[in-house]
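Student: Quick one: the structure is below, and I'll ask about it shortly.
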Amino acid sequence: MSQDLDDARDETPVAAPILGNVPGSYALSVFRERHPVLIKQVREALPYTPDRRRALDRLLGEVERDVMEPLEPSAHDGAAWAEWGRGKIGGRWVDAPFLWAESYFYRKLLEATGYFGDGPWRGVDPFGPLKQAELDGPDVDGELAALDETAALSPDERAEALLLGSLWGNRADLSHAVTAAGGHKRAEGLVVDDGPLLRALLGDLAPARICLVADNAGRELLPDLVLADHLLAHGLASEVALHVKPAPYFVSDATPSDVLACLRRLAAAPGRAGEAGARLWAATEDGRLTPRAHPFACAPLPYADMPDDLRGEFAAANLTIMKGDLNYRRLTGDRMWPPATPFAEVTGYFPGPVVALRTLKSDALVGVPERTMAELDATGRSWRTSGTHAMIQGSRGLPLIARASPRC
């Protein structure tokens with residue numbers, strides 16, 4: 001790590017991590033309500049054999065007792081998790097940092113389903129049925145057909161619509177984004193809007209090498225891919241590295257197989273969606289669109305702790321676009337920062353320009369003026385966790401150095 005990066009981290013005061021033991025908190029509701037329900041849903045989604053069903057039942061009991069048990073000694077990554085979990089495993093789920101404990105829950109869920117084992121369930125995505133049902137659903141047809149409506153927009157409005165479609169993901173379809181762009185309703189629901197910075201970065205750096213760090217599969221990954229196509233087709237990007245998870249993580253996070261499923265879905269669609277799919281297919285074949293799946297994507301750690309090889313990949317990019325709530329949590333450390341703390345200050349460790357496109361689904365928050373916070377809090381709604389609000393936040397990062405290698 002460079003001295004500049006060390007200095008940037010040293011100058012930023014560290015806030016306390018978000019925990020799940022705060023009464024009435026969103027994190028506590030995840031442990032007490034969401035995780036037990038999710039285990040039961042996974043148990044019924046596939047015809048798991050008796051041994052796997054017993055393992056899922058044991059995990060349910062562990063969650064209900066609120067005690068984190070260690071992974072099985074045979075776990076391929078058991079040593080790493082034991083080190084990460086030093087002082088946490090054996091304690092209560094809710095007492096550990098929320099990011100760490102939630103990540104550990106999903107790792108244990110994969111263990112219970114046999115995803116990493118040597119048996120017949122090895123490599124079977126426990127969330128696969130949910131992902132496939134969403135991708136095959138009739139709503140997707142309408143959302144892809146909405147791409148045809150962008151033909152009536154100006155180039156700037158079209159770019160705006162595609163950005164909004166990626167930002168909102170499955171919380172608002174592309175037809176909504178087209179309407180918002182055409183009707184100049186961009187600010188509705190946006191808590192912070194650094195869209196002008198994103199456009200400036202794209203314009204200044206074009207054609208850029210871009211890392212697009214995806215979040216969810218299905219209806220959210222489709223507009224992410226369409227955005228990548230726009231960047232490539234209009235010369236804003238020379239190549240896009242699409243970072244996804246190497247294994248199923250959280251409920252619907254995108255994996256390489258999900259990327260392929262979405263590419264097939266796009267390529268089979270009529271109209272502009274099919275044209276975008278064909279271009280992306282060709283871009284993948286010639287290396288301009290490159291799926292990436294670094295193991296750190298499934299680690300229970302913030303991006304400030306990323307390994308050197310991943311830091312090198314981000315440093316080699318001209319711009320990194322972070323999609324989704326989980327990536328935002330990892331980018332900001334999932335800590336209780338004072339909301340007005342500048343985004344650039346908290347992310348000063350990042351090795352280059354970074355822009356976060358995030359729908360709010362957790363309490364992690366920075367870069368929001370006190371007046372805006374007061375106005376939103378006065379509504380009495382759970383705007384920080386309900387997915388009804390979004391943010392575009394960016395930073396030009398530290399001064400960039402030569403980026404010839406490694407490739408993003």
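All residue names refer to the structure tokens as shown: chains lettered A, B, ... in order, residues numbered from 1 in each chain, ligands numbered from 1 in order.
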Tell me which protein, DNA and RNA residues are within 9 Å of range 167-169 of chain A, counting only C-alpha atoms, leaving out same-chain ones fewer than 3 positions away, and put them as a PyMOL selection string.
Tutor: chain A and resi 162-164+172-174+177+216+219-224+323-324+357-359+387+389-392
Student: Which residues, written as an NGL selection string, have at least one atom at most 10 Å from range 83-87 of chain A, with only C-alpha atoms counted and residues fewer than 3 positions away on the same chain left out?
Tutor: :A and (68 or 70 or 78-80 or 90-91 or 96 or 100-101 or 104 or 299-301)
Student: Give the answer as one residue: which of A:Ala378, A:Leu326, A:Met306, A:Ala228 has the shortest atom-to-atom distance to Pro351 in chain A, using only C-alpha atoms?
Tutor: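 The answer is A:Met306, which sits nearest to Pro351 in chain A.
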Student: When you look at Ile18 in chain A with a cut-off of 6 Å (counting only C-alpha atoms), what residues show up, excluding the ones that are within fewer than 6 positions of it in the same chain? I need them as a PDB file with all heavy atoms, in the first residue's frame.
Tutor:
```pdb
ATOM      1  N   PRO A  97     -19.920  -7.547  14.565  1.00  0.00           N
ATOM      2  CA  PRO A  97     -20.205  -6.545  13.536  1.00  0.00           C
ATOM      3  C   PRO A  97     -21.169  -7.115  12.501  1.00  0.00           C
ATOM      4  O   PRO A  97     -21.025  -8.260  12.055  1.00  0.00           O
ATOM      5  CB  PRO A  97     -18.823  -6.252  12.934  1.00  0.00           C
ATOM      6  CG  PRO A  97     -17.869  -6.508  14.064  1.00  0.00           C
ATOM      7  CD  PRO A  97     -18.464  -7.690  14.800  1.00  0.00           C
ATOM      8  N   PHE A  98     -22.152  -6.322  12.125  1.00  0.00           N
ATOM      9  CA  PHE A  98     -23.236  -6.774  11.261  1.00  0.00           C
ATOM     10  C   PHE A  98     -22.715  -7.339   9.950  1.00  0.00           C
ATOM     11  O   PHE A  98     -23.146  -8.405   9.498  1.00  0.00           O
ATOM     12  CB  PHE A  98     -24.179  -5.595  11.011  1.00  0.00           C
ATOM     13  CG  PHE A  98     -25.392  -5.918  10.190  1.00  0.00           C
ATOM     14  CD1 PHE A  98     -26.046  -7.128  10.302  1.00  0.00           C
ATOM     15  CD2 PHE A  98     -25.895  -4.973   9.297  1.00  0.00           C
ATOM     16  CE1 PHE A  98     -27.177  -7.415   9.540  1.00  0.00           C
ATOM     17  CE2 PHE A  98     -27.027  -5.247   8.533  1.00  0.00           C
ATOM     18  CZ  PHE A  98     -27.663  -6.463   8.648  1.00  0.00           C
ATOM     19  N   ARG A 335     -20.054   1.081   9.064  1.00  0.00           N
ATOM     20  CA  ARG A 335     -19.885   1.701  10.376  1.00  0.00           C
ATOM     21  C   ARG A 335     -20.883   2.830  10.575  1.00  0.00           C
ATOM     22  O   ARG A 335     -21.466   3.335   9.611  1.00  0.00           O
ATOM     23  CB  ARG A 335     -18.452   2.224  10.537  1.00  0.00           C
ATOM     24  CG  ARG A 335     -17.414   1.117  10.563  1.00  0.00           C
ATOM     25  CD  ARG A 335     -15.993   1.651  10.640  1.00  0.00           C
ATOM     26  NE  ARG A 335     -15.036   0.560  10.773  1.00  0.00           N
ATOM     27  CZ  ARG A 335     -14.663   0.013  11.925  1.00  0.00           C
ATOM     28  NH1 ARG A 335     -15.158   0.476  13.067  1.00  0.00           N
ATOM     29  NH2 ARG A 335     -13.805  -0.985  11.964  1.00  0.00           N
ATOM     30  N   MET A 336     -21.051   3.218  11.811  1.00  0.00           N
ATOM     31  CA  MET A 336     -21.996   4.279  12.160  1.00  0.00           C
ATOM     32  C   MET A 336     -21.327   5.649  12.041  1.00  0.00           C
ATOM     33  O   MET A 336     -21.128   6.366  13.007  1.00  0.00           O
ATOM     34  CB  MET A 336     -22.541   4.062  13.563  1.00  0.00           C
ATOM     35  CG  MET A 336     -23.404   2.820  13.713  1.00  0.00           C
ATOM     36  SD  MET A 336     -24.869   2.833  12.632  1.00  0.00           S
ATOM     37  CE  MET A 336     -25.771   4.221  13.328  1.00  0.00           C
TER      38      MET A 336
END
```
Student: As an exercise, work out the distance from CA of Pro129 in chain A to CA of Ala217 in chain A in Å and give it to one decimal place.
Tutor: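 It comes out at 12.1 Å.
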Student: When you draw a straight line from CA of Thr320 in chain A to CA of Leu110 in chain A, how long is it in Å?
Tutor: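 For CA of Thr320 in chain A relative to CA of Leu110 in chain A, the distance reads 28.9 Å.
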Student: Rank nothing, just name the residue among A:Leu280, A:Ala159, A:Leu147, A:Leu212 nearest to Val354 in chain A, using only C-alpha atoms.
Tutor: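 Of A:Leu280, A:Ala159, A:Leu147, A:Leu212, the one nearest Val354 in chain A is A:Leu212, counting only C-alpha atoms.
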Student: In range 305-351 of chain A, what's strand (DSSP E) per DSSP? Answer as a ChimeraX atom specification?
Tutor: /A:319-323
Student: Can you list, as a ChimeraX atom specification, every protein, DNA or RNA residue that comes within 7 Å of range 186-203 of chain A when you count only C-alpha atoms, leaving out same-chain residues fewer than 2 positions away?
Tutor: /A:180-181,184,205-206,236,355,368,388-394
Student: Would you work out the distance separating CA of Gly137 in chain A from CA of Trp281 in chain A, expressed in Å to one decimal?
Tutor: 22.1 Å
Student: Which residue, A:Leu38, A:Leu60, A:Leu144, A:Trp93, has the smallest gap to Ala268 in chain A when you use only C-alpha atoms?
Tutor: A:Leu144
Student: Just checking: using only C-alpha atoms, which residue out of A:Cys262, A:Leu109, A:Val244, A:Ala276 ends up closest to Arg43 in chain A?
Tutor: A:Leu109
